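> Following this line is input39.pdb, made up of PDB, N, CA and C atoms, pLDDT in the B column:
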MODEL        1
ATOM      1  N   MET A1242      26.138  69.516 117.251  1.00 69.00           N
ATOM      2  CA  MET A1242      26.444  69.713 115.835  1.00 69.00           C
ATOM      3  C   MET A1242      25.184  70.132 115.109  1.00 69.00           C
ATOM      4  N   SER A1243      25.320  71.112 114.252  1.00 89.00           N
ATOM      5  CA  SER A1243      24.215  71.601 113.449  1.00 89.00           C
ATOM      6  C   SER A1243      24.442  71.159 112.004  1.00 89.00           C
ATOM      7  N   SER A1244      23.901  69.996 111.658  1.00 96.00           N
ATOM      8  CA  SER A1244      24.151  69.401 110.351  1.00 96.00           C
ATOM      9  C   SER A1244      23.275  70.028 109.269  1.00 96.00           C
ATOM     10  N   THR A1245      23.918  70.420 108.179  1.00 97.00           N
ATOM     11  CA  THR A1245      23.247  71.033 107.041  1.00 97.00           C
ATOM     12  C   THR A1245      23.724  70.342 105.774  1.00 97.00           C
ATOM     13  N   THR A1246      22.817  70.171 104.819  1.00 98.00           N
ATOM     14  CA  THR A1246      23.194  69.604 103.524  1.00 98.00           C
ATOM     15  C   THR A1246      22.901  70.627 102.445  1.00 98.00           C
ATOM     16  N   THR A1247      23.851  70.801 101.544  1.00 98.00           N
ATOM     17  CA  THR A1247      23.690  71.719 100.424  1.00 98.00           C
ATOM     18  C   THR A1247      24.155  71.050  99.140  1.00 98.00           C
ATOM     19  N   THR A1248      23.588  71.486  98.032  1.00 98.00           N
ATOM     20  CA  THR A1248      24.022  71.003  96.721  1.00 98.00           C
ATOM     21  C   THR A1248      24.600  72.183  95.952  1.00 98.00           C
ATOM     22  N   ILE A1249      25.821  72.000  95.480  1.00 98.00           N
ATOM     23  CA  ILE A1249      26.529  73.033  94.730  1.00 98.00           C
ATOM     24  C   ILE A1249      26.614  72.590  93.276  1.00 98.00           C
ATOM     25  N   LYS A1250      26.126  73.410  92.370  1.00 98.00           N
ATOM     26  CA  LYS A1250      26.264  73.104  90.945  1.00 98.00           C
ATOM     27  C   LYS A1250      27.687  73.451  90.521  1.00 98.00           C
ATOM     28  N   VAL A1251      28.320  72.522  89.795  1.00 98.00           N
ATOM     29  CA  VAL A1251      29.732  72.665  89.444  1.00 98.00           C
ATOM     30  C   VAL A1251      29.914  72.507  87.942  1.00 98.00           C
ATOM     31  N   ASP A1252      30.707  73.388  87.350  1.00 97.00           N
ATOM     32  CA  ASP A1252      31.037  73.302  85.934  1.00 97.00           C
ATOM     33  C   ASP A1252      32.531  73.033  85.794  1.00 97.00           C
ATOM     34  N   GLY A1253      32.900  72.312  84.745  1.00 97.00           N
ATOM     35  CA  GLY A1253      34.308  72.100  84.453  1.00 97.00           C
ATOM     36  C   GLY A1253      34.814  70.701  84.726  1.00 97.00           C
ATOM     37  N   MET A1254      33.960  69.826  85.239  1.00 96.00           N
ATOM     38  CA  MET A1254      34.397  68.445  85.474  1.00 96.00           C
ATOM     39  C   MET A1254      34.220  67.670  84.166  1.00 96.00           C
ATOM     40  N   THR A1255      35.320  67.122  83.662  1.00 95.00           N
ATOM     41  CA  THR A1255      35.274  66.442  82.365  1.00 95.00           C
ATOM     42  C   THR A1255      35.473  64.936  82.444  1.00 95.00           C
ATOM     43  N   CYS A1256      35.829  64.439  83.645  1.00 94.00           N
ATOM     44  CA  CYS A1256      36.056  62.999  83.774  1.00 94.00           C
ATOM     45  C   CYS A1256      35.778  62.559  85.207  1.00 94.00           C
ATOM     46  N   ASP A1257      35.786  61.252  85.411  1.00 93.00           N
ATOM     47  CA  ASP A1257      35.549  60.734  86.760  1.00 93.00           C
ATOM     48  C   ASP A1257      36.668  61.138  87.717  1.00 93.00           C
ATOM     49  N   GLY A1258      37.868  61.321  87.184  1.00 95.00           N
ATOM     50  CA  GLY A1258      38.985  61.776  88.013  1.00 95.00           C
ATOM     51  C   GLY A1258      38.714  63.161  88.584  1.00 95.00           C
ATOM     52  N   CYS A1259      38.075  64.012  87.784  1.00 96.00           N
ATOM     53  CA  CYS A1259      37.730  65.362  88.246  1.00 96.00           C
ATOM     54  C   CYS A1259      36.776  65.288  89.436  1.00 96.00           C
ATOM     55  N   SER A1260      35.743  64.470  89.306  1.00 96.00           N
ATOM     56  CA  SER A1260      34.768  64.375  90.388  1.00 96.00           C
ATOM     57  C   SER A1260      35.399  63.761  91.631  1.00 96.00           C
ATOM     58  N   SER A1261      36.299  62.798  91.457  1.00 97.00           N
ATOM     59  CA  SER A1261      36.991  62.191  92.605  1.00 97.00           C
ATOM     60  C   SER A1261      37.883  63.208  93.307  1.00 97.00           C
ATOM     61  N   THR A1262      38.586  64.015  92.523  1.00 97.00           N
ATOM     62  CA  THR A1262      39.458  65.045  93.086  1.00 97.00           C
ATOM     63  C   THR A1262      38.649  66.026  93.923  1.00 97.00           C
ATOM     64  N   LEU A1263      37.532  66.485  93.384  1.00 98.00           N
ATOM     65  CA  LEU A1263      36.700  67.445  94.100  1.00 98.00           C
ATOM     66  C   LEU A1263      36.089  66.811  95.346  1.00 98.00           C
ATOM     67  N   GLN A1264      35.666  65.568  95.239  1.00 98.00           N
ATOM     68  CA  GLN A1264      35.072  64.894  96.390  1.00 98.00           C
ATOM     69  C   GLN A1264      36.083  64.786  97.539  1.00 98.00           C
ATOM     70  N   ARG A1265      37.310  64.433  97.218  1.00 98.00           N
ATOM     71  CA  ARG A1265      38.355  64.349  98.245  1.00 98.00           C
ATOM     72  C   ARG A1265      38.627  65.722  98.861  1.00 98.00           C
ATOM     73  N   ALA A1266      38.663  66.757  98.036  1.00 98.00           N
ATOM     74  CA  ALA A1266      38.932  68.109  98.542  1.00 98.00           C
ATOM     75  C   ALA A1266      37.837  68.572  99.495  1.00 98.00           C
ATOM     76  N   LEU A1267      36.596  68.324  99.135  1.00 98.00           N
ATOM     77  CA  LEU A1267      35.490  68.735 100.002  1.00 98.00           C
ATOM     78  C   LEU A1267      35.456  67.910 101.287  1.00 98.00           C
ATOM     79  N   ALA A1268      35.685  66.614 101.174  1.00 98.00           N
ATOM     80  CA  ALA A1268      35.662  65.736 102.350  1.00 98.00           C
ATOM     81  C   ALA A1268      36.769  66.087 103.342  1.00 98.00           C
ATOM     82  N   ALA A1269      37.851  66.700 102.868  1.00 98.00           N
ATOM     83  CA  ALA A1269      38.979  67.049 103.730  1.00 98.00           C
ATOM     84  C   ALA A1269      38.735  68.302 104.577  1.00 98.00           C
ATOM     85  N   VAL A1270      37.673  69.037 104.276  1.00 98.00           N
ATOM     86  CA  VAL A1270      37.379  70.259 105.021  1.00 98.00           C
ATOM     87  C   VAL A1270      36.890  69.888 106.422  1.00 98.00           C
ATOM     88  N   ASP A1271      37.511  70.490 107.441  1.00 97.00           N
ATOM     89  CA  ASP A1271      37.102  70.245 108.816  1.00 97.00           C
ATOM     90  C   ASP A1271      35.643  70.675 108.991  1.00 97.00           C
ATOM     91  N   GLY A1272      34.816  69.750 109.441  1.00 98.00           N
ATOM     92  CA  GLY A1272      33.396  70.046 109.629  1.00 98.00           C
ATOM     93  C   GLY A1272      32.512  69.399 108.577  1.00 98.00           C
ATOM     94  N   VAL A1273      33.099  68.910 107.489  1.00 98.00           N
ATOM     95  CA  VAL A1273      32.333  68.204 106.463  1.00 98.00           C
ATOM     96  C   VAL A1273      32.250  66.738 106.866  1.00 98.00           C
ATOM     97  N   SER A1274      31.023  66.222 106.937  1.00 98.00           N
ATOM     98  CA  SER A1274      30.846  64.822 107.322  1.00 98.00           C
ATOM     99  C   SER A1274      30.614  63.919 106.115  1.00 98.00           C
ATOM    100  N   LYS A1275      30.166  64.507 104.996  1.00 98.00           N
ATOM    101  CA  LYS A1275      29.918  63.699 103.800  1.00 98.00           C
ATOM    102  C   LYS A1275      29.968  64.596 102.566  1.00 98.00           C
ATOM    103  N   ALA A1276      30.606  64.083 101.513  1.00 98.00           N
ATOM    104  CA  ALA A1276      30.649  64.803 100.239  1.00 98.00           C
ATOM    105  C   ALA A1276      30.454  63.793  99.116  1.00 98.00           C
ATOM    106  N   GLU A1277      29.475  64.045  98.268  1.00 98.00           N
ATOM    107  CA  GLU A1277      29.215  63.208  97.099  1.00 98.00           C
ATOM    108  C   GLU A1277      29.235  64.101  95.867  1.00 98.00           C
ATOM    109  N   VAL A1278      30.089  63.758  94.910  1.00 98.00           N
ATOM    110  CA  VAL A1278      30.240  64.570  93.704  1.00 98.00           C
ATOM    111  C   VAL A1278      29.913  63.717  92.494  1.00 98.00           C
ATOM    112  N   THR A1279      29.098  64.266  91.590  1.00 97.00           N
ATOM    113  CA  THR A1279      28.771  63.577  90.343  1.00 97.00           C
ATOM    114  C   THR A1279      29.136  64.472  89.167  1.00 97.00           C
ATOM    115  N   ARG A1280      29.648  63.844  88.128  1.00 95.00           N
ATOM    116  CA  ARG A1280      30.026  64.591  86.929  1.00 95.00           C
ATOM    117  C   ARG A1280      28.797  64.930  86.100  1.00 95.00           C
ATOM    118  N   GLU A1281      27.856  64.010  86.015  1.00 93.00           N
ATOM    119  CA  GLU A1281      26.607  64.230  85.274  1.00 93.00           C
ATOM    120  C   GLU A1281      25.438  63.964  86.200  1.00 93.00           C
ATOM    121  N   PRO A1282      24.686  64.938  86.639  1.00 95.00           N
ATOM    122  CA  PRO A1282      24.950  66.360  86.428  1.00 95.00           C
ATOM    123  C   PRO A1282      26.114  66.812  87.298  1.00 95.00           C
ATOM    124  N   GLY A1283      26.746  67.866  86.891  1.00 97.00           N
ATOM    125  CA  GLY A1283      27.886  68.394  87.635  1.00 97.00           C
ATOM    126  C   GLY A1283      27.429  69.029  88.934  1.00 97.00           C
ATOM    127  N   GLN A1284      27.572  68.282  90.012  1.00 98.00           N
ATOM    128  CA  GLN A1284      27.157  68.835  91.295  1.00 98.00           C
ATOM    129  C   GLN A1284      27.863  68.141  92.445  1.00 98.00           C
ATOM    130  N   ALA A1285      27.891  68.836  93.565  1.00 98.00           N
ATOM    131  CA  ALA A1285      28.450  68.300  94.802  1.00 98.00           C
ATOM    132  C   ALA A1285      27.388  68.452  95.880  1.00 98.00           C
ATOM    133  N   THR A1286      27.060  67.357  96.531  1.00 98.00           N
ATOM    134  CA  THR A1286      26.143  67.385  97.660  1.00 98.00           C
ATOM    135  C   THR A1286      26.982  67.182  98.912  1.00 98.00           C
ATOM    136  N   VAL A1287      26.934  68.170  99.793  1.00 98.00           N
ATOM    137  CA  VAL A1287      27.830  68.189 100.947  1.00 98.00           C
ATOM    138  C   VAL A1287      27.012  68.324 102.235  1.00 98.00           C
ATOM    139  N   THR A1288      27.308  67.453 103.189  1.00 98.00           N
ATOM    140  CA  THR A1288      26.719  67.541 104.525  1.00 98.00           C
ATOM    141  C   THR A1288      27.817  68.035 105.457  1.00 98.00           C
ATOM    142  N   TYR A1289      27.514  69.089 106.201  1.00 98.00           N
ATOM    143  CA  TYR A1289      28.545  69.734 107.013  1.00 98.00           C
ATOM    144  C   TYR A1289      27.958  70.324 108.280  1.00 98.00           C
ATOM    145  N   ASP A1290      28.834  70.621 109.215  1.00 97.00           N
ATOM    146  CA  ASP A1290      28.476  71.278 110.467  1.00 97.00           C
ATOM    147  C   ASP A1290      28.467  72.786 110.202  1.00 97.00           C
ATOM    148  N   SER A1291      27.291  73.391 110.231  1.00 95.00           N
ATOM    149  CA  SER A1291      27.176  74.807 109.887  1.00 95.00           C
ATOM    150  C   SER A1291      27.801  75.729 110.935  1.00 95.00           C
ATOM    151  N   VAL A1292      28.161  75.189 112.097  1.00 96.00           N
ATOM    152  CA  VAL A1292      28.877  75.975 113.096  1.00 96.00           C
ATOM    153  C   VAL A1292      30.350  76.095 112.695  1.00 96.00           C
ATOM    154  N   LYS A1293      30.891  75.063 112.061  1.00 96.00           N
ATOM    155  CA  LYS A1293      32.307  75.030 111.686  1.00 96.00           C
ATOM    156  C   LYS A1293      32.577  75.512 110.260  1.00 96.00           C
ATOM    157  N   VAL A1294      31.619  75.333 109.359  1.00 97.00           N
ATOM    158  CA  VAL A1294      31.856  75.602 107.934  1.00 97.00           C
ATOM    159  C   VAL A1294      30.800  76.561 107.403  1.00 97.00           C
ATOM    160  N   HIS A1295      31.243  77.587 106.703  1.00 95.00           N
ATOM    161  CA  HIS A1295      30.340  78.520 106.025  1.00 95.00           C
ATOM    162  C   HIS A1295      30.231  78.080 104.570  1.00 95.00           C
ATOM    163  N   PRO A1296      29.051  78.187 103.962  1.00 96.00           N
ATOM    164  CA  PRO A1296      28.901  77.773 102.559  1.00 96.00           C
ATOM    165  C   PRO A1296      29.915  78.418 101.613  1.00 96.00           C
ATOM    166  N   ALA A1297      30.330  79.633 101.894  1.00 97.00           N
ATOM    167  CA  ALA A1297      31.335  80.297 101.045  1.00 97.00           C
ATOM    168  C   ALA A1297      32.651  79.528 101.057  1.00 97.00           C
ATOM    169  N   ARG A1298      32.958  78.874 102.163  1.00 98.00           N
ATOM    170  CA  ARG A1298      34.185  78.056 102.255  1.00 98.00           C
ATOM    171  C   ARG A1298      34.102  76.880 101.287  1.00 98.00           C
ATOM    172  N   LEU A1299      32.922  76.271 101.189  1.00 98.00           N
ATOM    173  CA  LEU A1299      32.738  75.151 100.263  1.00 98.00           C
ATOM    174  C   LEU A1299      32.909  75.617  98.820  1.00 98.00           C
ATOM    175  N   ASP A1300      32.335  76.777  98.498  1.00 98.00           N
ATOM    176  CA  ASP A1300      32.506  77.340  97.150  1.00 98.00           C
ATOM    177  C   ASP A1300      33.980  77.580  96.851  1.00 98.00           C
ATOM    178  N   ALA A1301      34.715  78.083  97.837  1.00 98.00           N
ATOM    179  CA  ALA A1301      36.138  78.353  97.650  1.00 98.00           C
ATOM    180  C   ALA A1301      36.912  77.061  97.392  1.00 98.00           C
ATOM    181  N   VAL A1302      36.543  75.981  98.067  1.00 98.00           N
ATOM    182  CA  VAL A1302      37.212  74.692  97.859  1.00 98.00           C
ATOM    183  C   VAL A1302      36.969  74.219  96.430  1.00 98.00           C
ATOM    184  N   VAL A1303      35.742  74.369  95.931  1.00 98.00           N
ATOM    185  CA  VAL A1303      35.425  73.990  94.548  1.00 98.00           C
ATOM    186  C   VAL A1303      36.314  74.770  93.581  1.00 98.00           C
ATOM    187  N   GLU A1304      36.393  76.068  93.781  1.00 98.00           N
ATOM    188  CA  GLU A1304      37.181  76.908  92.882  1.00 98.00           C
ATOM    189  C   GLU A1304      38.678  76.641  93.017  1.00 98.00           C
ATOM    190  N   ASP A1305      39.144  76.401  94.234  1.00 98.00           N
ATOM    191  CA  ASP A1305      40.558  76.096  94.455  1.00 98.00           C
ATOM    192  C   ASP A1305      40.946  74.780  93.787  1.00 98.00           C
ATOM    193  N   ALA A1306      39.976  73.875  93.637  1.00 97.00           N
ATOM    194  CA  ALA A1306      40.228  72.588  92.988  1.00 97.00           C
ATOM    195  C   ALA A1306      40.226  72.721  91.457  1.00 97.00           C
ATOM    196  N   GLY A1307      39.914  73.929  90.951  1.00 97.00           N
ATOM    197  CA  GLY A1307      39.973  74.181  89.517  1.00 97.00           C
ATOM    198  C   GLY A1307      38.654  74.109  88.783  1.00 97.00           C
ATOM    199  N   PHE A1308      37.554  74.170  89.539  1.00 98.00           N
ATOM    200  CA  PHE A1308      36.227  74.097  88.923  1.00 98.00           C
ATOM    201  C   PHE A1308      35.449  75.381  89.209  1.00 98.00           C
ATOM    202  N   GLU A1309      34.318  75.522  88.551  1.00 98.00           N
ATOM    203  CA  GLU A1309      33.520  76.733  88.673  1.00 98.00           C
ATOM    204  C   GLU A1309      32.197  76.433  89.360  1.00 98.00           C
ATOM    205  N   VAL A1310      31.843  77.273  90.342  1.00 98.00           N
ATOM    206  CA  VAL A1310      30.542  77.178  90.980  1.00 98.00           C
ATOM    207  C   VAL A1310      29.534  77.892  90.082  1.00 98.00           C
ATOM    208  N   VAL A1311      28.443  77.200  89.774  1.00 97.00           N
ATOM    209  CA  VAL A1311      27.410  77.752  88.895  1.00 97.00           C
ATOM    210  C   VAL A1311      26.263  78.261  89.755  1.00 97.00           C
ATOM    211  N   ARG A1312      25.894  79.504  89.543  1.00 90.00           N
ATOM    212  CA  ARG A1312      24.764  80.115  90.286  1.00 90.00           C
ATOM    213  C   ARG A1312      23.543  80.195  89.426  1.00 90.00           C
TER     214      ARG A1312
ENDMDL
END
Using structure tokens, write down the structure from this file.

Amino acid sequence: MSSTTTTIKVDGMTCDGCSSTLQRALAAVDGVSKAEVTREPGQATVTYDSVKVHPARLDAVVEDAGFEVVR
């Protein structure tokens, strides 16, 4: 396993429910071993197997959950 950790800046989370929803969505991705999401600051720190998961997939999960990835 090739473990990588990345932090994604996220906009649009307005409550703790939002961060919980996103954390569950990211944790459900095959190859993600850990996902921690905080509303303040709006970010997701994700540890994943870089052989199984491409960073673009993580961005897509954030957007599919209804939030915006901030670059």
> Exactly which residues make up the result of the PyMOL selection byres (((chain A and resi 1248 and name CA) around 9) and name CA) on this file, given as a PyMOL selection string?
chain A and resi 1246-1247+1249-1250+1284-1288
> For Gln1264 (chain A), which of A:Thr1279, A:Phe1308, A:Asp1252, A:Asp1290 is the closest residue, counting only C-alpha atoms?
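Of the candidates, the smallest distance to Gln1264 (chain A) is held by A:Thr1279.
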> To one decimal in Å, tell me the separation between CA of Ser1261 (chain A) and CA of Arg1280 (chain A).
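Those two atoms sit 9.3 Å apart.
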> What's the 8 Å shell around Gly1253 (chain A), counting only N, CA and C atoms, without same-chain residues fewer than 3 positions away, as a PyMOL selection string?
chain A and resi 1250+1256+1259-1260+1283+1307-1310
> Quick one: pull the distance between atom N of Gly1272 (chain A) and atom C of Lys1293 (chain A), Å, one decimal.
6.2 Å
> What separation in Å, quoted to one decimal, exists between CA of Ala1276 (chain A) and CA of Leu1263 (chain A)?
9.0 Å
> Could you expand the PyMOL selection byres (((chain A and resi 1291 and name CA) around 7) and name CA) into the explicit residues it covers here, written as an NGL selection string?
:A and (1243-1245 or 1289-1290 or 1292-1295)
> Kindly save the residues from that selection, with N, CA and C atoms included, as a JSON list (two decimals), in the frame of the given file.

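Final output, saved to out.json:
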[["chain", "number", "residue", "atom", "x", "y", "z"],
["A", 1243, "SER", "N", 25.32, 71.11, 114.25],
["A", 1243, "SER", "CA", 24.22, 71.60, 113.45],
["A", 1243, "SER", "C", 24.44, 71.16, 112.00],
["A", 1244, "SER", "N", 23.90, 70.00, 111.66],
["A", 1244, "SER", "CA", 24.15, 69.40, 110.35],
["A", 1244, "SER", "C", 23.28, 70.03, 109.27],
["A", 1245, "THR", "N", 23.92, 70.42, 108.18],
["A", 1245, "THR", "CA", 23.25, 71.03, 107.04],
["A", 1245, "THR", "C", 23.72, 70.34, 105.77],
["A", 1289, "TYR", "N", 27.51, 69.09, 106.20],
["A", 1289, "TYR", "CA", 28.54, 69.73, 107.01],
["A", 1289, "TYR", "C", 27.96, 70.32, 108.28],
["A", 1290, "ASP", "N", 28.83, 70.62, 109.22],
["A", 1290, "ASP", "CA", 28.48, 71.28, 110.47],
["A", 1290, "ASP", "C", 28.47, 72.79, 110.20],
["A", 1292, "VAL", "N", 28.16, 75.19, 112.10],
["A", 1292, "VAL", "CA", 28.88, 75.97, 113.10],
["A", 1292, "VAL", "C", 30.35, 76.10, 112.70],
["A", 1293, "LYS", "N", 30.89, 75.06, 112.06],
["A", 1293, "LYS", "CA", 32.31, 75.03, 111.69],
["A", 1293, "LYS", "C", 32.58, 75.51, 110.26],
["A", 1294, "VAL", "N", 31.62, 75.33, 109.36],
["A", 1294, "VAL", "CA", 31.86, 75.60, 107.93],
["A", 1294, "VAL", "C", 30.80, 76.56, 107.40],
["A", 1295, "HIS", "N", 31.24, 77.59, 106.70],
["A", 1295, "HIS", "CA", 30.34, 78.52, 106.02],
["A", 1295, "HIS", "C", 30.23, 78.08, 104.57]]
> What residues in chain A get the DSSP label strand (DSSP E)? Please answer as a PyMOL selection string.
chain A and resi 1244-1252+1273-1279+1284-1290+1309-1311
> Next, the residues of the selection above should be written as a PDB file, keeping the file's coordinate frame with N, CA and C atoms.

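out25.pdb was written with the following content:
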ATOM      1  N   SER A1244      23.901  69.996 111.658  1.00 96.00           N
ATOM      2  CA  SER A1244      24.151  69.401 110.351  1.00 96.00           C
ATOM      3  C   SER A1244      23.275  70.028 109.269  1.00 96.00           C
ATOM      4  N   THR A1245      23.918  70.420 108.179  1.00 97.00           N
ATOM      5  CA  THR A1245      23.247  71.033 107.041  1.00 97.00           C
ATOM      6  C   THR A1245      23.724  70.342 105.774  1.00 97.00           C
ATOM      7  N   THR A1246      22.817  70.171 104.819  1.00 98.00           N
ATOM      8  CA  THR A1246      23.194  69.604 103.524  1.00 98.00           C
ATOM      9  C   THR A1246      22.901  70.627 102.445  1.00 98.00           C
ATOM     10  N   THR A1247      23.851  70.801 101.544  1.00 98.00           N
ATOM     11  CA  THR A1247      23.690  71.719 100.424  1.00 98.00           C
ATOM     12  C   THR A1247      24.155  71.050  99.140  1.00 98.00           C
ATOM     13  N   THR A1248      23.588  71.486  98.032  1.00 98.00           N
ATOM     14  CA  THR A1248      24.022  71.003  96.721  1.00 98.00           C
ATOM     15  C   THR A1248      24.600  72.183  95.952  1.00 98.00           C
ATOM     16  N   ILE A1249      25.821  72.000  95.480  1.00 98.00           N
ATOM     17  CA  ILE A1249      26.529  73.033  94.730  1.00 98.00           C
ATOM     18  C   ILE A1249      26.614  72.590  93.276  1.00 98.00           C
ATOM     19  N   LYS A1250      26.126  73.410  92.370  1.00 98.00           N
ATOM     20  CA  LYS A1250      26.264  73.104  90.945  1.00 98.00           C
ATOM     21  C   LYS A1250      27.687  73.451  90.521  1.00 98.00           C
ATOM     22  N   VAL A1251      28.320  72.522  89.795  1.00 98.00           N
ATOM     23  CA  VAL A1251      29.732  72.665  89.444  1.00 98.00           C
ATOM     24  C   VAL A1251      29.914  72.507  87.942  1.00 98.00           C
ATOM     25  N   ASP A1252      30.707  73.388  87.350  1.00 97.00           N
ATOM     26  CA  ASP A1252      31.037  73.302  85.934  1.00 97.00           C
ATOM     27  C   ASP A1252      32.531  73.033  85.794  1.00 97.00           C
ATOM     28  N   VAL A1273      33.099  68.910 107.489  1.00 98.00           N
ATOM     29  CA  VAL A1273      32.333  68.204 106.463  1.00 98.00           C
ATOM     30  C   VAL A1273      32.250  66.738 106.866  1.00 98.00           C
ATOM     31  N   SER A1274      31.023  66.222 106.937  1.00 98.00           N
ATOM     32  CA  SER A1274      30.846  64.822 107.322  1.00 98.00           C
ATOM     33  C   SER A1274      30.614  63.919 106.115  1.00 98.00           C
ATOM     34  N   LYS A1275      30.166  64.507 104.996  1.00 98.00           N
ATOM     35  CA  LYS A1275      29.918  63.699 103.800  1.00 98.00           C
ATOM     36  C   LYS A1275      29.968  64.596 102.566  1.00 98.00           C
ATOM     37  N   ALA A1276      30.606  64.083 101.513  1.00 98.00           N
ATOM     38  CA  ALA A1276      30.649  64.803 100.239  1.00 98.00           C
ATOM     39  C   ALA A1276      30.454  63.793  99.116  1.00 98.00           C
ATOM     40  N   GLU A1277      29.475  64.045  98.268  1.00 98.00           N
ATOM     41  CA  GLU A1277      29.215  63.208  97.099  1.00 98.00           C
ATOM     42  C   GLU A1277      29.235  64.101  95.867  1.00 98.00           C
ATOM     43  N   VAL A1278      30.089  63.758  94.910  1.00 98.00           N
ATOM     44  CA  VAL A1278      30.240  64.570  93.704  1.00 98.00           C
ATOM     45  C   VAL A1278      29.913  63.717  92.494  1.00 98.00           C
ATOM     46  N   THR A1279      29.098  64.266  91.590  1.00 97.00           N
ATOM     47  CA  THR A1279      28.771  63.577  90.343  1.00 97.00           C
ATOM     48  C   THR A1279      29.136  64.472  89.167  1.00 97.00           C
ATOM     49  N   GLN A1284      27.572  68.282  90.012  1.00 98.00           N
ATOM     50  CA  GLN A1284      27.157  68.835  91.295  1.00 98.00           C
ATOM     51  C   GLN A1284      27.863  68.141  92.445  1.00 98.00           C
ATOM     52  N   ALA A1285      27.891  68.836  93.565  1.00 98.00           N
ATOM     53  CA  ALA A1285      28.450  68.300  94.802  1.00 98.00           C
ATOM     54  C   ALA A1285      27.388  68.452  95.880  1.00 98.00           C
ATOM     55  N   THR A1286      27.060  67.357  96.531  1.00 98.00           N
ATOM     56  CA  THR A1286      26.143  67.385  97.660  1.00 98.00           C
ATOM     57  C   THR A1286      26.982  67.182  98.912  1.00 98.00           C
ATOM     58  N   VAL A1287      26.934  68.170  99.793  1.00 98.00           N
ATOM     59  CA  VAL A1287      27.830  68.189 100.947  1.00 98.00           C
ATOM     60  C   VAL A1287      27.012  68.324 102.235  1.00 98.00           C
ATOM     61  N   THR A1288      27.308  67.453 103.189  1.00 98.00           N
ATOM     62  CA  THR A1288      26.719  67.541 104.525  1.00 98.00           C
ATOM     63  C   THR A1288      27.817  68.035 105.457  1.00 98.00           C
ATOM     64  N   TYR A1289      27.514  69.089 106.201  1.00 98.00           N
ATOM     65  CA  TYR A1289      28.545  69.734 107.013  1.00 98.00           C
ATOM     66  C   TYR A1289      27.958  70.324 108.280  1.00 98.00           C
ATOM     67  N   ASP A1290      28.834  70.621 109.215  1.00 97.00           N
ATOM     68  CA  ASP A1290      28.476  71.278 110.467  1.00 97.00           C
ATOM     69  C   ASP A1290      28.467  72.786 110.202  1.00 97.00           C
ATOM     70  N   GLU A1309      34.318  75.522  88.551  1.00 98.00           N
ATOM     71  CA  GLU A1309      33.520  76.733  88.673  1.00 98.00           C
ATOM     72  C   GLU A1309      32.197  76.433  89.360  1.00 98.00           C
ATOM     73  N   VAL A1310      31.843  77.273  90.342  1.00 98.00           N
ATOM     74  CA  VAL A1310      30.542  77.178  90.980  1.00 98.00           C
ATOM     75  C   VAL A1310      29.534  77.892  90.082  1.00 98.00           C
ATOM     76  N   VAL A1311      28.443  77.200  89.774  1.00 97.00           N
ATOM     77  CA  VAL A1311      27.410  77.752  88.895  1.00 97.00           C
ATOM     78  C   VAL A1311      26.263  78.261  89.755  1.00 97.00           C
TER      79      VAL A1311
END
> To box region 1288-1302 of chain A, take all atoms listed in the file, fit an axis-aligned box, add 4 Å on each side, and give centre and edge lengths in Å to one decimal, as lines of an AutoDock Vina configuration file.

center_x = 32.0
center_y = 73.9
center_z = 104.8
size_x = 18.5
size_y = 20.8
size_z = 24.7
> Based on DSSP run over this structure's backbone, return all residues of chain A in alpha helix (DSSP H), as a ChimeraX atom specification.
/A:1257-1268,1296-1305
> Which residues, written as JSON, numbers by chain, have at least one atom at most 8 Å from Ala1266 (chain A), with only N, CA and C atoms counted and residues fewer than 6 positions away on the same chain left out?
{"A": [1260, 1302, 1303, 1306]}
> Rank A:Asp1305, A:Leu1299, A:Ala1269, A:Met1254 by their smallest atom-to-atom distance to Glu1281 (chain A), using only N, CA and C atoms, and report the top residue only.
A:Met1254
